[in-house]
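Below is my_file28.cif, which holds mmCIF, C-alpha atoms.
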```
data_model
loop_
_atom_site.label_atom_id
_atom_site.label_comp_id
_atom_site.auth_asym_id
_atom_site.auth_seq_id
_atom_site.Cartn_x
_atom_site.Cartn_y
_atom_site.Cartn_z
CA MET A 79 -27.99 -22.12 -89.28
CA ALA A 80 -31.02 -20.08 -90.13
CA ARG A 81 -29.77 -18.47 -93.35
CA SER A 82 -26.56 -18.25 -95.37
CA THR A 83 -26.70 -14.42 -95.47
CA GLN A 84 -25.58 -13.80 -91.89
CA GLN A 85 -22.92 -11.10 -91.51
CA VAL A 86 -20.52 -10.09 -88.76
CA PHE A 87 -19.86 -6.35 -88.47
CA ILE A 88 -16.45 -5.55 -86.97
CA GLU A 89 -14.63 -2.27 -87.45
CA GLY A 90 -10.91 -1.97 -87.98
CA THR A 91 -8.15 -3.06 -90.35
CA PHE A 92 -7.00 -6.65 -90.54
CA ALA A 93 -3.69 -5.79 -88.88
CA ASP A 94 -5.28 -3.88 -86.01
CA LEU A 95 -7.87 -6.58 -85.30
CA ALA A 96 -5.34 -9.41 -85.58
CA GLN A 97 -3.00 -7.62 -83.19
CA GLU A 98 -5.89 -7.01 -80.77
CA LEU A 99 -6.78 -10.72 -80.75
CA ALA A 100 -3.10 -11.66 -80.40
CA GLU A 101 -2.79 -9.46 -77.32
CA TYR A 102 -5.89 -11.13 -75.88
CA LEU A 103 -4.27 -14.54 -76.46
CA ASN A 104 -0.94 -13.34 -75.03
CA ILE A 105 0.95 -13.87 -78.29
CA GLY A 106 1.15 -10.22 -79.40
CA SER A 107 4.95 -10.25 -79.69
CA GLU A 108 4.81 -13.25 -82.06
CA ILE A 109 2.15 -11.77 -84.32
CA GLN A 110 3.38 -8.18 -84.67
CA PRO A 111 6.44 -8.97 -86.88
CA LEU A 112 4.34 -11.14 -89.17
CA LEU A 113 1.77 -8.39 -89.60
CA GLU A 114 4.49 -5.84 -90.31
CA GLU A 115 5.76 -8.12 -93.10
CA ASN A 116 2.15 -8.54 -94.32
CA LYS A 117 2.32 -12.31 -93.72
CA LYS A 118 -1.37 -12.57 -92.96
CA ASP A 119 -1.71 -16.35 -93.32
CA ASP A 120 1.28 -16.96 -91.07
CA ALA A 121 -0.27 -14.65 -88.49
CA LEU A 122 -3.61 -16.45 -88.80
CA LYS A 123 -1.91 -19.80 -88.38
CA ARG A 124 -0.46 -18.66 -85.04
CA LEU A 125 -3.80 -17.18 -83.95
CA VAL A 126 -5.76 -20.30 -84.84
CA THR A 127 -3.23 -22.54 -83.08
CA ALA A 128 -3.49 -20.44 -79.94
CA SER A 129 -7.27 -20.06 -80.16
CA VAL A 130 -7.90 -23.16 -78.04
CA ALA A 131 -7.26 -20.81 -75.11
CA LEU A 132 -10.53 -19.03 -75.95
CA ASN A 133 -12.38 -22.03 -74.49
CA SER A 134 -11.34 -20.80 -71.06
CA SER A 135 -12.14 -17.13 -71.67
CA PRO A 136 -14.91 -15.50 -69.57
CA GLU A 137 -18.43 -16.30 -70.73
CA LYS A 138 -19.18 -12.66 -71.57
CA GLU A 139 -16.11 -12.42 -73.80
CA PHE A 140 -16.32 -15.86 -75.43
CA THR A 141 -18.61 -15.09 -78.36
CA ALA A 142 -17.00 -11.76 -79.24
CA ALA A 143 -13.48 -13.25 -79.19
CA TYR A 144 -14.43 -16.21 -81.38
CA ASN A 145 -16.42 -14.01 -83.79
CA LEU A 146 -13.34 -11.83 -84.22
CA LEU A 147 -11.22 -14.89 -85.00
CA VAL A 148 -13.80 -16.16 -87.50
CA TYR A 149 -14.00 -12.72 -89.12
CA LEU A 150 -10.23 -12.67 -89.65
CA VAL A 151 -10.10 -16.23 -90.98
CA ILE A 152 -12.97 -15.70 -93.42
CA GLN A 153 -10.93 -13.00 -95.20
CA SER A 154 -8.10 -15.40 -95.98
CA PRO A 155 -7.83 -17.35 -99.25
CA SER A 156 -6.81 -20.27 -97.03
CA VAL A 157 -10.03 -20.17 -95.02
CA ASN A 158 -10.67 -23.87 -95.63
CA ILE A 159 -7.36 -24.72 -93.94
CA PHE A 160 -8.05 -22.74 -90.76
CA LEU A 161 -11.75 -23.40 -90.13
CA PRO A 162 -11.51 -27.16 -89.34
CA ARG A 163 -9.13 -26.37 -86.46
CA ILE A 164 -11.54 -23.76 -85.09
CA CYS A 165 -14.43 -26.22 -85.37
CA ASP A 166 -12.39 -28.81 -83.52
CA ASN A 167 -11.72 -26.33 -80.70
CA LEU A 168 -15.41 -25.46 -80.44
CA SER A 169 -16.29 -29.14 -80.19
CA ARG A 170 -14.25 -29.37 -77.00
CA PRO A 171 -15.59 -28.48 -73.52
CA ILE A 172 -15.88 -24.77 -72.68
CA SER A 173 -14.19 -24.78 -69.29
CA SER A 174 -15.22 -21.24 -68.40
CA SER A 175 -18.94 -22.05 -68.77
CA PRO A 176 -19.86 -25.70 -68.16
CA VAL A 177 -23.58 -24.90 -68.22
CA ASN A 178 -23.91 -22.44 -71.10
CA GLY A 179 -20.76 -23.45 -72.94
CA PRO A 180 -22.39 -25.83 -75.46
CA GLY A 181 -24.93 -23.16 -76.43
CA LEU A 182 -22.20 -20.55 -76.85
CA ALA A 183 -20.08 -22.86 -78.98
CA LEU A 184 -23.09 -23.85 -81.07
CA SER A 185 -23.82 -20.17 -81.68
CA VAL A 186 -20.29 -19.58 -83.00
CA LEU A 187 -20.37 -22.69 -85.18
CA THR A 188 -23.69 -21.56 -86.61
CA THR A 189 -22.12 -18.21 -87.45
CA VAL A 190 -19.24 -19.98 -89.21
CA PHE A 191 -21.67 -22.19 -91.14
CA ASN A 192 -23.78 -19.26 -92.30
CA LEU A 193 -20.81 -17.09 -93.31
CA LEU A 194 -19.57 -19.72 -95.75
CA GLN A 195 -20.94 -19.88 -99.28
CA PRO A 196 -23.65 -22.56 -99.69
CA ASP A 197 -21.50 -24.66 -102.01
CA ASN A 198 -18.35 -24.44 -99.85
CA GLU A 199 -17.33 -28.00 -98.99
CA VAL A 200 -16.02 -26.87 -95.58
CA ARG A 201 -19.66 -26.42 -94.59
CA PHE A 202 -19.74 -30.22 -94.41
CA ASN A 203 -16.95 -30.20 -91.79
CA VAL A 204 -18.64 -27.42 -89.85
CA PHE A 205 -21.91 -29.36 -89.86
CA GLN A 206 -20.10 -32.42 -88.52
CA ALA A 207 -18.67 -30.28 -85.71
CA ILE A 208 -22.18 -29.06 -84.94
CA LEU A 209 -23.34 -32.68 -84.79
CA ARG A 210 -20.57 -33.63 -82.38
CA LEU A 211 -21.49 -30.72 -80.15
CA VAL A 212 -25.21 -31.53 -80.26
CA LYS A 213 -24.42 -35.15 -79.42
CA THR A 214 -22.37 -34.31 -76.34
CA SER A 215 -24.70 -31.55 -75.13
CA GLY A 216 -28.08 -33.14 -75.88
CA LEU A 217 -29.29 -30.04 -77.78
CA PHE A 218 -31.05 -32.07 -80.48
CA GLU A 219 -33.99 -29.66 -80.71
CA MET A 220 -31.62 -27.02 -82.11
CA LEU A 221 -30.59 -29.42 -84.86
CA ARG A 222 -34.04 -30.73 -85.83
CA PRO A 223 -35.14 -27.79 -88.08
CA GLN A 224 -31.88 -27.96 -90.05
CA LEU A 225 -32.26 -31.63 -90.94
CA LYS A 226 -35.03 -30.71 -93.37
CA LYS A 227 -32.39 -28.90 -95.49
CA LEU A 228 -29.72 -31.57 -95.26
CA ASP A 229 -30.46 -33.38 -98.53
CA ALA A 230 -30.18 -30.12 -100.50
CA TRP A 231 -26.95 -29.24 -98.69
CA LEU A 232 -25.39 -32.61 -99.52
CA VAL A 233 -26.07 -31.98 -103.19
CA GLU A 234 -24.47 -28.52 -102.97
CA TRP A 235 -21.43 -29.93 -101.19
CA GLU A 236 -21.13 -32.81 -103.70
CA VAL A 237 -20.65 -35.31 -100.87
CA ASP A 238 -20.01 -38.87 -102.06
CA GLU A 239 -22.05 -41.87 -100.87
CA GLU A 240 -19.49 -43.02 -98.31
CA ASP A 241 -19.33 -39.63 -96.57
CA GLN A 242 -23.11 -39.34 -96.75
CA ARG A 243 -23.39 -42.71 -95.04
CA LYS A 244 -21.01 -41.64 -92.27
CA LEU A 245 -22.96 -38.41 -91.77
CA TYR A 246 -26.32 -40.24 -91.65
CA ALA A 247 -24.89 -42.70 -89.13
CA GLN A 248 -23.58 -39.78 -87.06
CA ILE A 249 -27.04 -38.16 -87.07
CA ALA A 250 -28.60 -41.50 -86.12
CA ASP A 251 -26.25 -41.80 -83.14
CA THR A 252 -27.01 -38.21 -82.11
CA ALA A 253 -30.77 -38.81 -82.33
CA ASP A 254 -30.42 -42.07 -80.41
CA ASP A 255 -28.56 -40.35 -77.57
CA ALA A 256 -31.34 -37.74 -77.43
CA GLY A 257 -34.02 -40.43 -77.21
CA GLU A 258 -35.34 -39.66 -80.71
CA GLU A 259 -35.95 -43.26 -81.81
CA GLU A 260 -37.90 -42.51 -84.98
CA GLN A 261 -35.33 -39.99 -86.23
CA CYS A 262 -32.57 -42.45 -85.43
CA TYR A 263 -34.33 -45.21 -87.37
CA GLN A 264 -35.01 -43.01 -90.42
CA TYR A 265 -31.35 -41.96 -90.68
CA ILE A 266 -30.17 -45.54 -90.41
CA LEU A 267 -32.43 -46.28 -93.39
CA LYS A 268 -30.90 -43.32 -95.23
CA ALA A 269 -27.46 -44.73 -94.52
CA LEU A 270 -28.52 -48.13 -95.86
CA ARG A 271 -29.79 -46.52 -99.09
CA THR A 272 -26.31 -45.16 -99.85
CA PHE A 273 -25.00 -48.64 -100.64
CA ASP A 274 -24.95 -49.54 -104.33
CA LYS A 275 -28.06 -51.69 -104.81
CA ASP A 276 -26.36 -53.61 -107.63
CA SER A 277 -23.23 -54.42 -105.64
CA ALA A 278 -23.49 -57.69 -103.73
CA THR A 279 -20.10 -56.98 -102.17
CA GLU A 280 -21.22 -53.65 -100.71
CA ASN A 281 -24.57 -54.96 -99.52
CA SER A 282 -23.02 -57.92 -97.75
CA SER A 283 -20.17 -55.90 -96.20
CA THR A 284 -19.75 -55.82 -92.44
CA GLU A 285 -20.81 -52.18 -92.33
CA ALA A 286 -23.97 -52.84 -94.33
CA GLN A 287 -24.90 -55.88 -92.28
CA ASN A 288 -24.33 -54.10 -88.96
CA LEU A 289 -26.53 -51.21 -90.05
CA SER A 290 -29.17 -53.66 -91.30
CA LEU A 291 -29.26 -55.52 -87.99
CA ARG A 292 -29.45 -52.26 -86.07
CA ALA A 293 -32.41 -51.09 -88.17
CA LEU A 294 -34.15 -54.46 -87.84
CA LYS A 295 -33.82 -54.56 -84.07
CA MET A 296 -35.12 -50.99 -83.78
CA ALA A 297 -38.12 -51.78 -85.98
CA LEU A 298 -38.94 -54.92 -84.01
CA LEU A 299 -38.79 -53.16 -80.63
CA SER A 300 -40.54 -49.97 -81.72
CA ASN A 301 -44.00 -49.38 -80.25
CA THR A 302 -45.20 -47.68 -83.43
CA HIS A 303 -43.52 -49.55 -86.30
CA TYR A 304 -45.69 -52.23 -87.90
CA ASP A 305 -44.89 -52.03 -91.62
CA PHE A 306 -41.61 -53.81 -92.42
CA HIS A 307 -41.66 -53.20 -96.17
CA ASP A 308 -39.21 -50.31 -95.71
CA LEU A 309 -36.69 -52.92 -94.55
CA THR A 310 -37.44 -55.86 -96.83
CA SER A 311 -37.10 -53.62 -99.90
CA LEU A 312 -33.47 -52.69 -99.09
CA PRO A 313 -30.72 -54.80 -100.72
CA PRO A 314 -28.42 -54.70 -97.62
CA VAL A 315 -31.29 -56.04 -95.49
CA GLN A 316 -32.12 -58.66 -98.10
CA ALA A 317 -28.50 -59.80 -97.86
CA LEU A 318 -29.26 -60.92 -94.28
CA SER A 319 -30.94 -63.96 -95.83
CA GLN A 320 -27.42 -65.22 -96.58
CA SER A 321 -25.36 -63.83 -93.71
CA HIS A 322 -27.88 -63.90 -90.81
CA GLU A 323 -30.55 -66.41 -91.77
CA THR A 324 -32.23 -66.49 -88.36
CA PHE A 325 -32.71 -62.73 -88.33
CA TRP A 326 -34.06 -62.87 -91.86
CA GLU A 327 -36.53 -65.58 -90.83
CA LEU A 328 -37.67 -63.38 -87.94
CA LEU A 329 -38.11 -60.42 -90.29
CA GLU A 330 -40.23 -62.51 -92.65
CA ILE A 331 -42.48 -63.55 -89.76
CA PHE A 332 -43.10 -59.94 -88.73
CA SER A 333 -43.56 -58.91 -92.34
CA GLU A 334 -46.25 -61.33 -93.38
CA LYS A 335 -46.87 -64.21 -90.97
CA GLU A 336 -48.85 -64.73 -87.77
CA LEU A 337 -48.53 -65.48 -84.07
CA GLU A 338 -48.40 -69.24 -84.52
CA ASP A 339 -45.37 -68.84 -86.80
CA TYR A 340 -43.64 -66.66 -84.21
CA ASN A 341 -44.26 -69.23 -81.49
CA ASP A 342 -42.83 -71.95 -83.75
CA PHE A 343 -39.77 -69.75 -84.33
CA ARG A 344 -39.31 -69.38 -80.58
CA ASP A 345 -39.46 -73.13 -80.12
CA GLU A 346 -37.05 -73.79 -82.97
CA HIS A 347 -34.54 -71.09 -81.92
CA GLU A 348 -34.81 -71.28 -78.16
CA GLY A 349 -33.02 -68.44 -76.39
CA PHE A 350 -32.23 -66.53 -79.61
CA ILE A 351 -34.53 -63.59 -78.81
CA GLU A 352 -32.97 -63.04 -75.40
CA GLU A 353 -29.40 -63.54 -76.65
CA GLN A 354 -29.84 -60.78 -79.21
CA GLY A 355 -31.09 -58.29 -76.64
CA LEU A 356 -34.67 -58.39 -77.92
CA ASN A 357 -37.71 -58.24 -75.65
CA ASN A 358 -39.98 -61.24 -76.13
CA SER A 359 -42.87 -59.56 -74.31
CA LYS A 360 -42.78 -56.65 -76.77
CA LEU A 361 -42.39 -58.89 -79.79
CA HIS A 362 -45.19 -61.21 -78.67
CA ARG A 363 -47.57 -58.28 -78.20
CA LYS A 364 -46.66 -56.78 -81.59
CA MET A 365 -47.14 -60.15 -83.24
CA ARG A 366 -50.64 -60.44 -81.78
CA LEU A 367 -51.57 -57.01 -83.15
CA LEU A 368 -50.18 -57.88 -86.58
CA THR A 369 -51.99 -61.21 -86.54
CA LEU A 370 -55.30 -59.50 -85.77
CA ALA A 371 -54.67 -57.08 -88.63
CA SER A 372 -54.05 -60.01 -90.99
CA VAL A 373 -57.17 -61.85 -89.85
CA ALA A 374 -59.27 -58.71 -90.28
CA ALA A 375 -57.85 -58.16 -93.78
CA SER A 376 -58.59 -61.73 -94.84
CA THR A 377 -62.26 -61.80 -93.82
CA ASN A 378 -64.66 -61.43 -96.75
CA SER A 379 -67.84 -60.77 -94.81
CA ARG A 380 -66.45 -57.79 -92.90
CA GLU A 381 -67.81 -59.42 -89.76
CA LEU A 382 -65.09 -60.99 -87.66
CA GLU A 383 -66.38 -63.27 -84.92
CA TYR A 384 -64.92 -62.96 -81.42
CA LYS A 385 -64.17 -66.69 -81.30
CA ARG A 386 -62.08 -66.48 -84.47
CA ILE A 387 -60.07 -63.59 -83.00
CA ALA A 388 -59.56 -65.47 -79.75
CA LYS A 389 -58.28 -68.52 -81.61
CA ALA A 390 -55.87 -66.57 -83.83
CA LEU A 391 -54.46 -64.55 -80.92
CA GLN A 392 -54.49 -67.48 -78.49
CA ILE A 393 -56.34 -65.50 -75.85
CA PRO A 394 -59.49 -65.95 -73.72
CA SER A 395 -62.71 -64.67 -75.29
CA GLU A 396 -63.09 -62.04 -72.57
CA ASP A 397 -59.82 -60.40 -73.74
CA VAL A 398 -60.89 -60.02 -77.37
CA GLU A 399 -62.32 -56.52 -77.06
CA MET A 400 -59.20 -55.24 -75.31
CA TRP A 401 -56.99 -56.47 -78.16
CA VAL A 402 -59.33 -55.09 -80.82
CA ILE A 403 -59.18 -51.67 -79.14
CA ASP A 404 -55.37 -51.92 -79.08
CA VAL A 405 -55.13 -52.77 -82.77
CA ILE A 406 -57.45 -49.85 -83.60
CA ARG A 407 -55.24 -47.52 -81.53
CA ALA A 408 -52.20 -48.81 -83.43
CA GLY A 409 -53.86 -47.65 -86.66
CA LEU A 410 -53.83 -51.11 -88.23
CA VAL A 411 -57.60 -51.56 -88.39
CA GLU A 412 -60.75 -49.45 -88.22
CA GLY A 413 -64.09 -50.86 -87.17
CA LYS A 414 -66.77 -51.23 -84.54
CA LEU A 415 -67.35 -53.81 -81.84
CA SER A 416 -70.79 -55.42 -81.58
CA GLN A 417 -71.14 -56.97 -78.15
CA GLN A 418 -74.65 -58.12 -78.92
CA LYS A 419 -73.62 -60.10 -82.01
CA GLN A 420 -70.14 -60.92 -80.63
CA VAL A 421 -68.47 -59.73 -83.83
CA PHE A 422 -66.01 -57.05 -84.87
CA LEU A 423 -67.38 -55.05 -87.81
CA VAL A 424 -64.35 -54.26 -89.97
CA HIS A 425 -64.44 -50.90 -91.80
CA ARG A 426 -60.82 -50.65 -92.96
CA THR A 427 -57.73 -52.80 -92.69
CA THR A 428 -54.03 -52.49 -93.46
CA TYR A 429 -52.44 -55.20 -95.57
CA ARG A 430 -49.05 -56.17 -94.15
CA VAL A 431 -47.97 -57.53 -97.50
CA PHE A 432 -49.59 -57.24 -100.90
CA GLY A 433 -48.92 -60.17 -103.20
CA ASP A 434 -50.82 -62.73 -105.29
CA LYS A 435 -52.94 -63.82 -102.34
CA GLN A 436 -54.04 -60.26 -101.63
CA TRP A 437 -54.77 -59.61 -105.30
CA ARG A 438 -56.99 -62.71 -105.30
CA GLU A 439 -58.79 -61.39 -102.22
CA VAL A 440 -59.32 -58.05 -103.95
CA ALA A 441 -60.63 -59.85 -107.03
CA THR A 442 -63.02 -61.87 -104.86
CA ARG A 443 -64.31 -58.74 -103.16
CA LEU A 444 -64.70 -56.95 -106.48
CA ASP A 445 -66.76 -59.90 -107.73
CA GLN A 446 -68.87 -59.72 -104.59
CA TRP A 447 -69.39 -55.99 -105.02
CA LYS A 448 -70.21 -56.56 -108.68
CA GLU A 449 -72.86 -59.13 -107.72
CA SER A 450 -74.22 -56.80 -105.06
CA LEU A 451 -74.41 -53.93 -107.55
CA ARG A 452 -76.06 -56.22 -110.10
CA ALA A 453 -78.64 -57.25 -107.50
CA VAL A 454 -79.23 -53.62 -106.55
CA LYS A 455 -79.61 -52.73 -110.21
CA GLU A 456 -82.15 -55.52 -110.71
CA VAL A 457 -84.14 -54.36 -107.68
CA ILE A 458 -84.11 -50.77 -108.92
CA SER A 459 -85.11 -51.94 -112.40
CA ARG A 460 -88.02 -54.00 -111.03
CA GLU A 461 -89.18 -51.15 -108.83
CA ARG A 462 -88.99 -48.71 -111.72
CA GLN A 463 -90.93 -51.08 -113.97
CA ALA A 464 -93.51 -51.65 -111.24
CA ALA A 465 -93.81 -47.89 -110.75
CA GLU A 466 -94.29 -47.33 -114.48
CA THR A 467 -96.87 -50.14 -114.64
CA GLN A 468 -98.72 -48.68 -111.65
CA LYS A 469 -98.64 -45.23 -113.22
CA GLU A 470 -99.96 -46.62 -116.49
CA ARG A 471 -102.69 -48.49 -114.64
CA GLU A 472 -103.69 -45.33 -112.80
CA MET A 473 -103.82 -43.38 -116.08
CA HIS A 474 -106.09 -46.01 -117.61
CA GLU A 475 -108.31 -45.88 -114.57
CA VAL A 476 -108.57 -42.11 -114.80
CA GLU A 477 -109.40 -42.33 -118.51
CA ARG A 478 -112.03 -44.98 -117.79
CA LYS A 479 -113.67 -42.83 -115.15
CA VAL A 480 -113.64 -39.81 -117.45
CA ALA A 481 -115.19 -41.85 -120.22
CA GLY A 482 -117.85 -43.20 -117.87
CA ALA A 483 -118.77 -39.73 -116.70
CA SER A 484 -119.19 -38.57 -120.30
CA GLY A 485 -121.52 -41.49 -121.06
CA MET A 486 -123.83 -40.64 -118.16
CA GLY A 487 -124.16 -37.05 -119.37
CA ALA A 488 -125.19 -38.18 -122.88
CA GLY A 489 -127.99 -40.42 -121.47
CA ARG A 490 -129.64 -37.50 -119.65
CA ARG A 491 -129.83 -35.44 -122.84
CA VAL A 492 -131.93 -38.15 -124.55
CA GLY A 493 -134.95 -37.13 -122.42
CA GLY A 494 -134.41 -33.48 -123.03
CA ARG A 495 -136.38 -30.83 -124.80
CA ASP A 496 -135.36 -31.87 -128.27
CA ASN A 497 -136.80 -35.33 -127.77
CA MET A 498 -140.10 -34.41 -126.09
CA VAL A 499 -143.45 -35.18 -127.89
CA GLU A 500 -145.53 -32.12 -127.92
CA MET A 501 -149.29 -32.55 -127.60
CA GLY A 502 -151.69 -29.86 -128.59
CA THR A 503 -155.49 -29.22 -129.43
CA ASP A 504 -157.06 -27.84 -132.44
#
```
Written form, C-alpha cells:
Amino acid sequence: MARSTQQVFIEGTFADLAQELAEYLNIGSEIQPLLEENKKDDALKRLVTASVALNSSPEKEFTAAYNLLVYLVIQSPSVNIFLPRICDNLSRPISSSPVNGPGLALSVLTTVFNLLQPDNEVRFNVFQAILRLVKTSGLFEMLRPQLKKLDAWLVEWEVDEEDQRKLYAQIADTADDAGEEEQCYQYILKALRTFDKDSATENSSTEAQNLSLRALKMALLSNTHYDFHDLTSLPPVQALSQSHETFWELLEIFSEKELEDYNDFRDEHEGFIEEQGLNNSKLHRKMRLLTLASVAASTNSRELEYKRIAKALQIPSEDVEMWVIDVIRAGLVEGKLSQQKQVFLVHRTTYRVFGDKQWREVATRLDQWKESLRAVKEVISRERQAAETQKEREMHEVERKVAGASGMGAGRRVGGRDNMVEMGTD
C-alpha cells in the first residue's frame, strides 16, 4: 500500500488473457463462447467464481495468476462487484504455501488497493480484507506504516461513523492479537469517539459500554498508562456512572484519588477486582505510584520528607527510595533524593487532575514566588544603594585628600623667595 500509482504491465488483448486464465483454471470451454460474444462481464463472473482455485496453485505461479485476474477485473465497469469476491478468496488460507501464503496474498491485496482510485469506496473493503489477513497471519508490522494514512483515507472513502467504528474495532483486535497493547488501546478510543457525544442513547448503548469497559480495563492494567483524562472526557465512558457505577468509582479513584481510597474500595467491594479479571497486584502498585505523584504535586516547599512518603504509600521507610526511583522512571515526577536530609527534592510533578484545588495551589505558589521576587528585589535595591553610598563616600574621600594636598603646597610657598626679607649694607 505504498502508493496509489502502482501499475501492472501485462501484454495481450482482453480476450487472449481471459482465455489464458480460463485454461489455467480449467474452465476454458465455458469462457470461450462468452468471449466470442463479447460478454466480458459474464466471462469475468465465471473467472472470479473459479478463482478460489488459485489458492492451491504453485507458489511460483500464485502472484502472476492473481495479478492477471486483477488486471482483467480492473478493466471492467463492474470492478466494484468483482473485487470483494477476490478479496474474500485472498483472505482464505493459501493451501499451496502455508508458510509464505499470507505474504503472497498480502502482496496481491496491496496491488489491488493501489490500483484503485484513492476515492474508490471499494478500497475500504480491500483494506478490511488486508486487516483480516494481517490478523490471522500476525504480520502487524506490515500494516503499521499504513495506519498513519487511515484518517485521510476514511475521509476520501466517505465512511460513516458506524463503519468507522467497526474498522477501528477491527484494527484494535488485530493489534491486540499481535501484542500491540498501546495501538489496541488507541484504536478503541478512536472507536469510542465515533459515538454522537450529544446522544445519550448511543453513549449508553451496549456497544458503547462494552468498548468503554474494554478501554478502562486496558488502561488500568497497562504498565505505562497513568493519565486517565483521555477516558473521563469521553461521553460513553462517562455513561458508566449510570450503567456500571462500581467501574466508574474505580476510574475516579485512579483519576484523582490516593492509595487509601483504593484500599477502602477493595474493602467495600470485596472480590470485585478479581471477578472482573483485573490484577490487584498491578493496580495496587500503580495506585502507589499515582499517590506519590499526588503527594509530590501538593507539597509547597518542594522538599518531601521520607516519613510523609512512607505514610502515604503505607510502606516501611527503607522502601521509600525504591518507590521514588520507580515514580521517576514512570515519568510522573522529576527530582533528587537527599539521603542526608531524608527528603525528596521535587523538581517537576505531573498533576493527575487539574481543578479548583490545583488552581489554588498554583495561586499559592505564585504568591510565594512573588514574595520571593519582592525579597530579592529589596536585597538588590539595598545592595545597589549601599554600593552607591560607598562610591559616593569614596569620591568624597578622594576629593578631601586632593584638597588637603593642595593646602600643603600653598603653605610651603609662603616661605618662598617672594616673601623673604632682604638685608643689605650701604
Handout entry: Of the listed residues A:Gln392, A:Asn281, A:Asn133, A:Asn358, that which approaches Gln320 in chain A most closely, counting only C-alpha atoms
Key =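 Checking each of A:Gln392, A:Asn281, A:Asn133, A:Asn358 against Gln320 in chain A, counting only C-alpha atoms, the winner is A:Asn281.
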Practice task
Measuring atom to atom with all atoms listed in the file, identify which of A:Glu336, A:Glu461, A:Glu470, A:Glu323 is nearest to Leu361 in chain A.
Solution key: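 Among A:Glu336, A:Glu461, A:Glu470, A:Glu323, it is A:Glu336 that comes nearest to Leu361 in chain A.
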Exercise for the section: Find, counting only C-alpha atoms, the residue in A:Met296, A:Leu382, A:Ile331, A:Val200 that gets nearest to Trp231 in chain A. Expected result: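 Counting only C-alpha atoms, the residue closest to Trp231 in chain A is A:Val200.
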Practice task
Run through the PyMOL selection byres ((chain A and resi 278) around 12) on the given coordinates and return the selected residues as a VMD selection string.
Solution key: chain A and resid 273 to 277 279 to 283 286 to 287 313 to 318 320 to 321
Practice task
Provide the CA of Leu267 in chain A to CA of Ala293 in chain A distance in Å, to one decimal place.
Solution key: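 CA of Leu267 in chain A sits 7.1 Å away from CA of Ala293 in chain A.
Comparing the minimum interatomic distances between Ser311 in chain A and each of A:Ile109, A:Ala121, A:Leu270, A:Ala253, counting only C-alpha atoms, we find that A:Leu270 sits nearest.
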Handout entry: Interatomic distance (Å, one decimal) between CA of Ala250 in chain A and CA of Ser173 in chain A
Key =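 Computing it gives 27.8 Å between the two atoms.
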Restore N, CA, C and O atoms in range 334-344 of chain A and list the result as a PDB file, in the frame of the given file.
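Okay, rebuild.pdb is ready:
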```
ATOM      1  N   GLU A 334     -45.078 -60.761 -92.719  1.00  0.00           N
ATOM      2  CA  GLU A 334     -46.250 -61.330 -93.380  1.00  0.00           C
ATOM      3  C   GLU A 334     -46.887 -62.533 -92.683  1.00  0.00           C
ATOM      4  O   GLU A 334     -47.933 -63.008 -93.119  1.00  0.00           O
ATOM      5  N   LYS A 335     -46.309 -63.016 -91.598  1.00  0.00           N
ATOM      6  CA  LYS A 335     -46.870 -64.210 -90.970  1.00  0.00           C
ATOM      7  C   LYS A 335     -47.603 -63.886 -89.678  1.00  0.00           C
ATOM      8  O   LYS A 335     -47.845 -62.710 -89.378  1.00  0.00           O
ATOM      9  N   GLU A 336     -47.973 -64.942 -88.920  1.00  0.00           N
ATOM     10  CA  GLU A 336     -48.850 -64.730 -87.770  1.00  0.00           C
ATOM     11  C   GLU A 336     -48.246 -65.285 -86.487  1.00  0.00           C
ATOM     12  O   GLU A 336     -47.135 -65.827 -86.482  1.00  0.00           O
ATOM     13  N   LEU A 337     -49.018 -65.143 -85.412  1.00  0.00           N
ATOM     14  CA  LEU A 337     -48.530 -65.480 -84.070  1.00  0.00           C
ATOM     15  C   LEU A 337     -48.059 -66.925 -83.976  1.00  0.00           C
ATOM     16  O   LEU A 337     -47.030 -67.205 -83.348  1.00  0.00           O
ATOM     17  N   GLU A 338     -48.778 -67.831 -84.582  1.00  0.00           N
ATOM     18  CA  GLU A 338     -48.400 -69.240 -84.520  1.00  0.00           C
ATOM     19  C   GLU A 338     -47.002 -69.461 -85.097  1.00  0.00           C
ATOM     20  O   GLU A 338     -46.215 -70.246 -84.572  1.00  0.00           O
ATOM     21  N   ASP A 339     -46.699 -68.728 -86.184  1.00  0.00           N
ATOM     22  CA  ASP A 339     -45.370 -68.840 -86.800  1.00  0.00           C
ATOM     23  C   ASP A 339     -44.288 -68.303 -85.867  1.00  0.00           C
ATOM     24  O   ASP A 339     -43.189 -68.857 -85.785  1.00  0.00           O
ATOM     25  N   TYR A 340     -44.618 -67.222 -85.151  1.00  0.00           N
ATOM     26  CA  TYR A 340     -43.640 -66.660 -84.210  1.00  0.00           C
ATOM     27  C   TYR A 340     -43.378 -67.635 -83.065  1.00  0.00           C
ATOM     28  O   TYR A 340     -42.225 -67.816 -82.639  1.00  0.00           O
ATOM     29  N   ASN A 341     -44.427 -68.243 -82.580  1.00  0.00           N
ATOM     30  CA  ASN A 341     -44.260 -69.230 -81.490  1.00  0.00           C
ATOM     31  C   ASN A 341     -43.419 -70.424 -81.956  1.00  0.00           C
ATOM     32  O   ASN A 341     -42.588 -70.944 -81.200  1.00  0.00           O
ATOM     33  N   ASP A 342     -43.643 -70.857 -83.198  1.00  0.00           N
ATOM     34  CA  ASP A 342     -42.830 -71.950 -83.750  1.00  0.00           C
ATOM     35  C   ASP A 342     -41.359 -71.532 -83.857  1.00  0.00           C
ATOM     36  O   ASP A 342     -40.454 -72.335 -83.593  1.00  0.00           O
ATOM     37  N   PHE A 343     -41.141 -70.274 -84.246  1.00  0.00           N
ATOM     38  CA  PHE A 343     -39.770 -69.750 -84.330  1.00  0.00           C
ATOM     39  C   PHE A 343     -39.113 -69.784 -82.960  1.00  0.00           C
ATOM     40  O   PHE A 343     -37.942 -70.163 -82.832  1.00  0.00           O
ATOM     41  N   ARG A 344     -39.841 -69.372 -81.939  1.00  0.00           N
ATOM     42  CA  ARG A 344     -39.310 -69.380 -80.580  1.00  0.00           C
ATOM     43  C   ARG A 344     -38.922 -70.787 -80.143  1.00  0.00           C
ATOM     44  O   ARG A 344     -37.876 -71.003 -79.508  1.00  0.00           O
TER      45      ARG A 344
END
```
